[in-house]
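As provided, work-v9.tsv (TSV, C-alpha atoms and all ligand atoms) reads as follows.
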chain	number	residue	atom	x	y	z
A	1	MET	CA	161.35	27.57	-5.20
A	2	ASN	CA	163.56	30.57	-4.44
A	3	ASP	CA	163.27	32.80	-1.38
A	4	THR	CA	161.60	35.62	-3.27
A	5	SER	CA	158.68	33.54	-4.55
A	6	PRO	CA	155.48	34.45	-2.76
A	7	LEU	CA	153.54	31.99	-0.65
A	8	LEU	CA	150.28	33.37	-2.01
A	9	ARG	CA	149.74	35.38	-5.18
A	10	VAL	CA	146.42	37.05	-5.94
A	11	HIS	CA	145.72	38.51	-9.33
A	12	ASN	CA	142.70	40.70	-10.20
A	13	LEU	CA	140.36	38.96	-7.80
A	14	SER	CA	136.71	40.05	-7.87
A	15	HIS	CA	133.61	38.55	-6.40
A	16	ALA	CA	130.03	39.57	-7.07
A	17	PHE	CA	126.86	38.49	-5.30
A	18	GLY	CA	124.38	39.07	-8.11
A	19	SER	CA	124.78	42.71	-9.09
A	20	LEU	CA	126.68	43.58	-5.89
A	21	LEU	CA	130.44	43.70	-6.37
A	22	ALA	CA	131.71	42.68	-2.92
A	23	CYS	CA	135.43	42.63	-3.91
A	24	ALA	CA	136.84	44.29	-6.98
A	25	ASP	CA	140.13	43.84	-8.78
A	26	ILE	CA	142.33	42.87	-5.85
A	27	SER	CA	145.96	41.92	-6.49
A	28	PHE	CA	148.74	41.33	-3.98
A	29	GLU	CA	151.42	38.89	-2.85
A	30	LEU	CA	152.02	37.43	0.58
A	31	HIS	CA	155.49	36.21	1.43
A	32	SER	CA	156.53	33.56	3.91
A	33	GLY	CA	156.46	34.78	7.51
A	34	GLU	CA	154.42	37.86	6.67
A	35	VAL	CA	151.22	38.89	8.46
A	36	LEU	CA	148.78	40.90	6.36
A	37	GLY	CA	145.92	42.75	8.02
A	38	VAL	CA	142.79	43.50	5.97
A	39	VAL	CA	140.92	46.41	7.52
A	40	GLY	CA	137.85	48.44	6.63
A	41	GLU	CA	134.37	49.13	7.90
A	42	SER	CA	131.55	46.61	7.98
A	43	GLY	CA	130.44	45.65	4.47
A	44	SER	CA	133.70	46.67	2.78
A	45	GLY	CA	134.24	43.13	1.50
A	46	LYS	CA	136.84	41.81	3.95
A	47	THR	CA	135.16	38.48	4.71
A	48	THR	CA	134.27	37.88	1.08
A	49	LEU	CA	137.93	38.41	0.17
A	50	LEU	CA	139.12	36.08	2.95
A	51	ASN	CA	136.68	33.39	1.84
A	52	CYS	CA	137.92	33.68	-1.75
A	53	LEU	CA	141.56	33.50	-0.63
A	54	SER	CA	141.02	30.48	1.60
A	55	ALA	CA	139.40	28.29	-1.06
A	56	ARG	CA	135.94	28.57	0.43
A	57	LEU	CA	134.33	30.85	-2.17
A	58	MET	CA	135.21	30.73	-5.82
A	59	PRO	CA	135.90	34.26	-7.07
A	60	THR	CA	133.84	35.51	-10.00
A	61	ASN	CA	137.09	36.62	-11.62
A	62	GLY	CA	140.80	36.43	-10.96
A	63	ILE	CA	143.34	33.92	-9.74
A	64	VAL	CA	144.54	32.83	-6.31
A	65	GLU	CA	147.80	30.89	-6.42
A	66	TYR	CA	149.41	29.14	-3.45
A	67	ASP	CA	152.90	27.69	-3.19
A	68	LEU	CA	152.02	24.01	-2.70
A	69	ARG	CA	154.85	22.09	-1.06
A	70	ASP	CA	155.08	19.55	-3.89
A	71	ARG	CA	154.05	21.67	-6.90
A	72	GLY	CA	154.98	25.31	-6.31
A	73	LEU	CA	152.57	28.13	-7.15
A	74	THR	CA	149.25	26.54	-8.13
A	75	ASP	CA	145.81	27.98	-8.88
A	76	ILE	CA	143.84	26.78	-5.85
A	77	TYR	CA	140.57	26.73	-7.74
A	78	ALA	CA	142.09	24.35	-10.30
A	79	LEU	CA	142.56	21.80	-7.49
A	80	SER	CA	139.93	19.13	-6.92
A	81	GLU	CA	137.51	19.61	-4.03
A	82	PRO	CA	139.24	16.89	-1.90
A	83	GLU	CA	142.64	18.51	-2.59
A	84	ARG	CA	141.31	21.88	-1.45
A	85	ARG	CA	139.78	20.34	1.66
A	86	PHE	CA	143.07	18.61	2.45
A	87	LEU	CA	144.95	21.89	2.06
A	88	LEU	CA	142.52	23.59	4.43
A	89	ARG	CA	143.11	20.93	7.10
A	90	THR	CA	146.88	20.65	6.80
A	91	ASP	CA	149.02	23.43	5.31
A	92	TRP	CA	146.38	26.08	6.08
A	93	GLY	CA	144.37	26.98	9.12
A	94	VAL	CA	141.19	29.03	9.35
A	95	VAL	CA	140.22	30.72	12.61
A	96	MET	CA	136.64	31.91	12.44
A	97	GLN	CA	135.15	34.74	14.48
A	98	ASN	CA	132.54	32.40	15.89
A	99	PRO	CA	134.22	29.30	17.36
A	100	ARG	CA	131.02	27.37	16.66
A	101	ASP	CA	131.89	27.60	12.96
A	102	GLY	CA	135.42	26.29	13.51
A	103	LEU	CA	135.03	23.66	16.25
A	104	ARG	CA	133.06	20.47	16.68
A	105	MET	CA	131.09	21.54	19.72
A	106	ASN	CA	130.13	18.04	20.91
A	107	VAL	CA	133.57	16.48	20.48
A	108	SER	CA	136.05	16.72	23.38
A	109	ALA	CA	138.76	19.41	23.35
A	110	GLY	CA	141.40	16.70	22.87
A	111	GLY	CA	139.35	15.18	20.05
A	112	ASN	CA	139.02	18.55	18.32
A	113	VAL	CA	142.80	18.83	18.19
A	114	GLY	CA	143.53	15.14	17.64
A	115	GLU	CA	141.26	14.70	14.64
A	116	ARG	CA	143.34	17.21	12.68
A	117	LEU	CA	146.39	15.02	13.28
A	118	MET	CA	144.45	11.96	12.17
A	119	ALA	CA	143.57	13.83	8.94
A	120	VAL	CA	147.30	13.95	8.17
A	121	GLY	CA	147.82	10.28	8.93
A	122	ALA	CA	148.54	10.09	12.69
A	123	ARG	CA	147.23	6.80	14.07
A	124	HIS	CA	149.01	6.22	17.38
A	125	TYR	CA	146.56	7.09	20.16
A	126	GLY	CA	149.26	7.90	22.74
A	127	GLU	CA	151.09	10.25	20.38
A	128	ILE	CA	147.88	12.00	19.30
A	129	ARG	CA	146.85	12.47	22.93
A	130	SER	CA	150.25	13.80	23.89
A	131	ALA	CA	150.33	16.25	20.93
A	132	ALA	CA	146.83	17.43	21.89
A	133	GLU	CA	148.01	17.98	25.49
A	134	ASP	CA	151.03	19.95	24.27
A	135	TRP	CA	148.83	22.19	22.15
A	136	LEU	CA	146.24	22.76	24.84
A	137	ALA	CA	149.09	23.81	27.13
A	138	LYS	CA	150.51	26.11	24.43
A	139	VAL	CA	147.18	27.94	24.19
A	140	GLU	CA	147.03	28.10	28.01
A	141	MET	CA	144.09	25.78	28.46
A	142	ASP	CA	143.55	23.81	31.63
A	143	LEU	CA	144.55	20.21	30.79
A	144	GLY	CA	141.87	19.05	33.22
A	145	ARG	CA	139.33	20.07	30.55
A	146	ILE	CA	140.83	17.93	27.76
A	147	ASP	CA	137.93	15.47	27.81
A	148	ASP	CA	135.22	18.15	28.01
A	149	ALA	CA	133.31	19.32	24.96
A	150	PRO	CA	133.79	22.97	23.92
A	151	LYS	CA	130.06	23.66	24.18
A	152	HIS	CA	130.75	23.93	27.94
A	153	PHE	CA	133.67	26.39	27.51
A	154	SER	CA	133.73	30.19	27.71
A	155	GLY	CA	134.09	32.17	24.45
A	156	GLY	CA	137.78	32.87	25.12
A	157	MET	CA	138.52	29.18	25.82
A	158	GLN	CA	136.67	28.13	22.69
A	159	GLN	CA	138.73	30.55	20.66
A	160	ARG	CA	141.98	29.25	22.16
A	161	LEU	CA	140.90	25.70	21.36
A	162	GLN	CA	140.10	26.74	17.80
A	163	ILE	CA	143.64	28.12	17.51
A	164	ALA	CA	145.16	24.88	18.85
A	165	ARG	CA	143.04	22.82	16.42
A	166	ASN	CA	144.28	24.92	13.53
A	167	LEU	CA	147.95	25.01	14.47
A	168	VAL	CA	148.53	21.37	15.47
A	169	THR	CA	149.28	20.33	11.88
A	170	LYS	CA	151.97	23.05	11.63
A	171	PRO	CA	150.29	25.02	8.84
A	172	ARG	CA	152.30	27.58	6.90
A	173	LEU	CA	149.40	29.97	6.33
A	174	ILE	CA	146.58	30.89	8.63
A	175	PHE	CA	143.46	32.88	7.80
A	176	MET	CA	141.68	34.66	10.63
A	177	ASP	CA	138.37	36.49	10.49
A	178	GLU	CA	137.94	38.87	13.44
A	179	PRO	CA	139.68	36.37	15.76
A	180	THR	CA	139.00	38.42	18.88
A	181	GLY	CA	135.59	39.75	17.90
A	182	GLY	CA	132.77	39.25	20.35
A	183	LEU	CA	135.06	38.73	23.37
A	184	ASP	CA	135.40	40.88	26.50
A	185	VAL	CA	138.20	43.42	26.32
A	186	SER	CA	140.42	41.65	28.89
A	187	VAL	CA	139.90	38.26	27.21
A	188	GLN	CA	140.67	39.89	23.87
A	189	ALA	CA	143.94	41.30	25.16
A	190	ARG	CA	145.11	37.90	26.43
A	191	LEU	CA	144.13	36.19	23.22
A	192	LEU	CA	145.91	38.80	21.12
A	193	ASP	CA	149.04	38.36	23.18
A	194	LEU	CA	148.86	34.61	22.71
A	195	LEU	CA	148.29	34.94	18.96
A	196	ARG	CA	151.15	37.36	18.56
A	197	GLY	CA	153.49	35.02	20.44
A	198	LEU	CA	152.46	31.99	18.38
A	199	VAL	CA	152.73	33.79	15.04
A	200	ARG	CA	156.28	34.82	15.93
A	201	GLU	CA	157.37	31.53	17.48
A	202	LEU	CA	156.05	29.43	14.60
A	203	LYS	CA	157.04	31.99	11.92
A	204	LEU	CA	153.51	31.77	10.57
A	205	SER	CA	152.23	33.63	7.58
A	206	ALA	CA	148.77	35.00	8.20
A	207	ILE	CA	145.95	37.03	6.72
A	208	ILE	CA	143.83	38.67	9.39
A	209	VAL	CA	140.56	40.39	8.71
A	210	THR	CA	139.56	42.91	11.33
A	211	HIS	CA	137.66	46.15	11.67
A	212	ASP	CA	139.70	46.81	14.83
A	213	LEU	CA	142.79	48.88	14.06
A	214	ALA	CA	144.31	48.04	17.44
A	215	VAL	CA	144.23	44.34	16.53
A	216	ALA	CA	145.77	45.18	13.14
A	217	ARG	CA	148.49	47.29	14.80
A	218	LEU	CA	149.42	44.48	17.16
A	219	LEU	CA	149.44	41.57	14.72
A	220	ALA	CA	150.01	42.77	11.16
A	221	ASP	CA	153.26	43.70	9.40
A	222	ARG	CA	151.39	45.15	6.45
A	223	LEU	CA	147.87	46.48	5.96
A	224	MET	CA	145.40	46.53	3.13
A	225	VAL	CA	142.57	49.03	3.61
A	226	MET	CA	139.28	48.18	1.90
A	227	LYS	CA	136.35	50.38	1.04
A	228	ASP	CA	133.33	49.29	-1.00
A	229	GLY	CA	135.13	46.15	-2.13
A	230	ARG	CA	138.23	47.95	-3.36
A	231	VAL	CA	141.70	48.29	-1.85
A	232	VAL	CA	142.24	52.00	-1.27
A	233	GLU	CA	145.59	51.88	0.52
A	234	THR	CA	148.33	49.37	1.34
A	235	GLY	CA	151.60	49.68	3.19
A	236	LEU	CA	153.53	48.80	6.31
A	237	THR	CA	151.19	48.84	9.30
A	238	ASP	CA	152.86	51.70	11.15
A	239	GLN	CA	153.09	53.78	7.99
A	240	VAL	CA	149.41	53.31	7.14
A	241	LEU	CA	148.20	53.98	10.68
A	242	ASP	CA	150.58	56.83	11.54
A	243	ASP	CA	150.57	58.56	8.18
A	244	PRO	CA	147.44	57.51	6.27
A	245	HIS	CA	147.29	58.86	2.72
A	246	HIS	CA	143.82	57.98	1.46
A	247	PRO	CA	141.00	60.12	2.92
A	248	TYR	CA	139.08	56.97	3.88
A	249	THR	CA	142.05	55.61	5.86
A	250	GLN	CA	142.44	59.03	7.49
A	251	LEU	CA	138.79	58.87	8.52
A	252	LEU	CA	139.14	55.30	9.88
A	253	VAL	CA	142.22	56.23	11.90
A	254	SER	CA	140.79	59.49	13.22
A	255	SER	CA	137.48	57.89	14.20
A	256	VAL	CA	139.39	55.44	16.40
A	257	LEU	CA	141.48	58.19	17.98
A	258	GLN	CA	138.34	60.11	18.90
A	259	VAL	CA	136.85	57.18	20.83
A	301	LIG	N1	126.24	35.56	0.78
A	301	LIG	C1	126.01	36.82	0.40
A	301	LIG	N2	125.00	37.11	-0.46
A	301	LIG	C2	124.77	38.38	-0.86
A	301	LIG	N3	125.51	39.45	-0.46
A	301	LIG	C3	126.52	39.21	0.39
A	301	LIG	C4	126.82	37.90	0.88
A	301	LIG	N4	127.88	37.99	1.72
A	301	LIG	C5	128.22	39.29	1.77
A	301	LIG	N5	127.41	40.02	0.98
A	301	LIG	C6	127.50	41.48	0.76
A	301	LIG	O1	128.79	41.76	0.25
A	301	LIG	C7	129.31	42.97	0.82
A	301	LIG	C8	130.61	42.69	1.52
A	301	LIG	O2	130.34	41.88	2.67
A	301	LIG	P1	131.49	41.27	3.60
A	301	LIG	O3	130.83	40.42	4.65
A	301	LIG	O4	132.52	40.66	2.75
A	301	LIG	O5	132.07	42.59	4.26
A	301	LIG	P2	132.93	42.75	5.59
A	301	LIG	O6	133.85	43.89	5.35
A	301	LIG	O7	133.52	41.45	5.97
A	301	LIG	O8	131.82	43.19	6.64
A	301	LIG	P3	131.58	42.63	8.14
A	301	LIG	O9	132.75	43.11	8.93
A	301	LIG	O10	130.29	43.29	8.53
A	301	LIG	O11	131.48	41.14	8.01
A	301	LIG	C9	128.22	43.50	1.74
A	301	LIG	O12	127.45	44.44	1.02
A	301	LIG	C10	127.39	42.27	2.05
A	301	LIG	O13	126.05	42.62	2.32
What does the file become when written as structure tokens?
Amino acid sequence: MNDTSPLLRVHNLSHAFGSLLACADISFELHSGEVLGVVGESGSGKTTLLNCLSARLMPTNGIVEYDLRDRGLTDIYALSEPERRFLLRTDWGVVMQNPRDGLRMNVSAGGNVGERLMAVGARHYGEIRSAAEDWLAKVEMDLGRIDDAPKHFSGGMQQRLQIARNLVTKPRLIFMDEPTGGLDVSVQARLLDLLRGLVRELKLSAIIVTHDLAVARLLADRLMVMKDGRVVETGLTDQVLDDPHHPYTQLLVSSVLQV
């Protein structure tokens, strides 16, 4: 694999729910270490696209290829179901907007992190516990809560635990759907700071879906603007936000500035 090969390559991806075309004809490449923000108003197809990219929703048309460590670029929907599940728990991470969808709410915080390590073969209890402690510290969680179940945590703590659970296996690519949605503004700001630091420190590649342009500005190197299931504009984040070309992007940007 040479340095210019993409980590993810998407070709003509479309997905329809019955007669509704939620994503249409989307093609792009994501390279190692790059953070792509997918922005657009509610209903523009962002989540459908993310689900198709992260092997959780088979596209109606098109190909999603990922650079598997042992095979190079491979059509993810040609993998078996167990292979896709393994990928999702190891080389990929998925941070959902609602932590309830990404955490086991009745399993302890340490268990939530540790079980990901067990999925990749870790068996030594002491080592699993110590890795879980390291990760809880990295996401600024109180280690005194390691044996508590996340159902007793605040939304911000749950989200930080979800991040630790997803990063403990050292994934190369992380998918995030509105990772700070539904949190108070001050909690959001702290979480964004944490995410930005981790993405840089771990040189993560990421695809982040958000309707919040401030989140996109802070985290993404490049943006893809969606409207009615189609990509209407792409470019470097600062270029797209400071000098939007498509009228829809201009409207999105100006509506934020007016708030
Ligand atoms: N499971 C489904 N069945 C039928 N239609 C769906 C389904 N999921 C999404 N849609 C429709 O597909 C379109 C795109 O939805 P999607 O959730 O991908 O948009 P979005 O940009 O992520 O919006 P939001 O930010 O509100 O989640 C919408 O018209 C939505 O109603």
Can you report as JSON the centre and edge lengths in Å, to one decimal, of an axis-aligned box around the listed atoms of stretch 234-237 of chain A padded with 4 Å on each side?
{"center_x": 150.9, "center_y": 49.2, "center_z": 5.3, "size_x": 13.2, "size_y": 8.9, "size_z": 16.0}
query: What does the distance between atom CA of A:Asp67 and atom CA of A:His31 come to in Å, to one decimal place?
result: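 Atom-to-atom, atom CA of A:Asp67 and atom CA of A:His31 are spaced 10.0 Å apart.
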field: Near-ligand residues for ligand LIG 301 (chain A), threshold 8 Å, only C-alpha atoms and all ligand atoms, as a list in words
entry: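 Here is the list of contacting residues: Ala16, Phe17, Gly18, Leu20, Leu21, Ala22, Cys23, Val39, Gly40, Glu41, Ser42, Gly43, Ser44, Gly45, Lys46, Thr47, Thr48, Leu49, Val209, Thr210, His211, Met226, Asp228 and Gly229 of chain A.
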query: What is the distance between atom CA of A:Arg9 and atom CA of A:Asp238, in Å to one decimal?
result: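 It comes out at 23.3 Å.
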- request: To one decimal in Å, tell me the separation between atom CA of A:Leu202 and atom CA of A:Leu103.
  value: 21.9 Å
field: Which residue of A:Asn12, A:Ser32, A:Ser80, A:Thr237 approaches A:Ala55 most closely, using all atoms listed in the file
entry: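 The closest residue to A:Ala55 is A:Ser80.
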- prompt: Which residues come within 9 Å of stretch 88-94 of chain A, counting only C-alpha atoms, excluding same-chain residues fewer than 6 positions away, as number ranges by chain?
  reply: A: 54-55, 68-69, 102, 116-117, 119-120, 162-163, 165-177
- request: Might you pull out every residue within 10 Å of A:Val139, with only C-alpha atoms counted and same-chain residues fewer than 6 positions away left off, and present them as a ChimeraX atom specification?
  value: /A:157,159-164,191,194-195,198
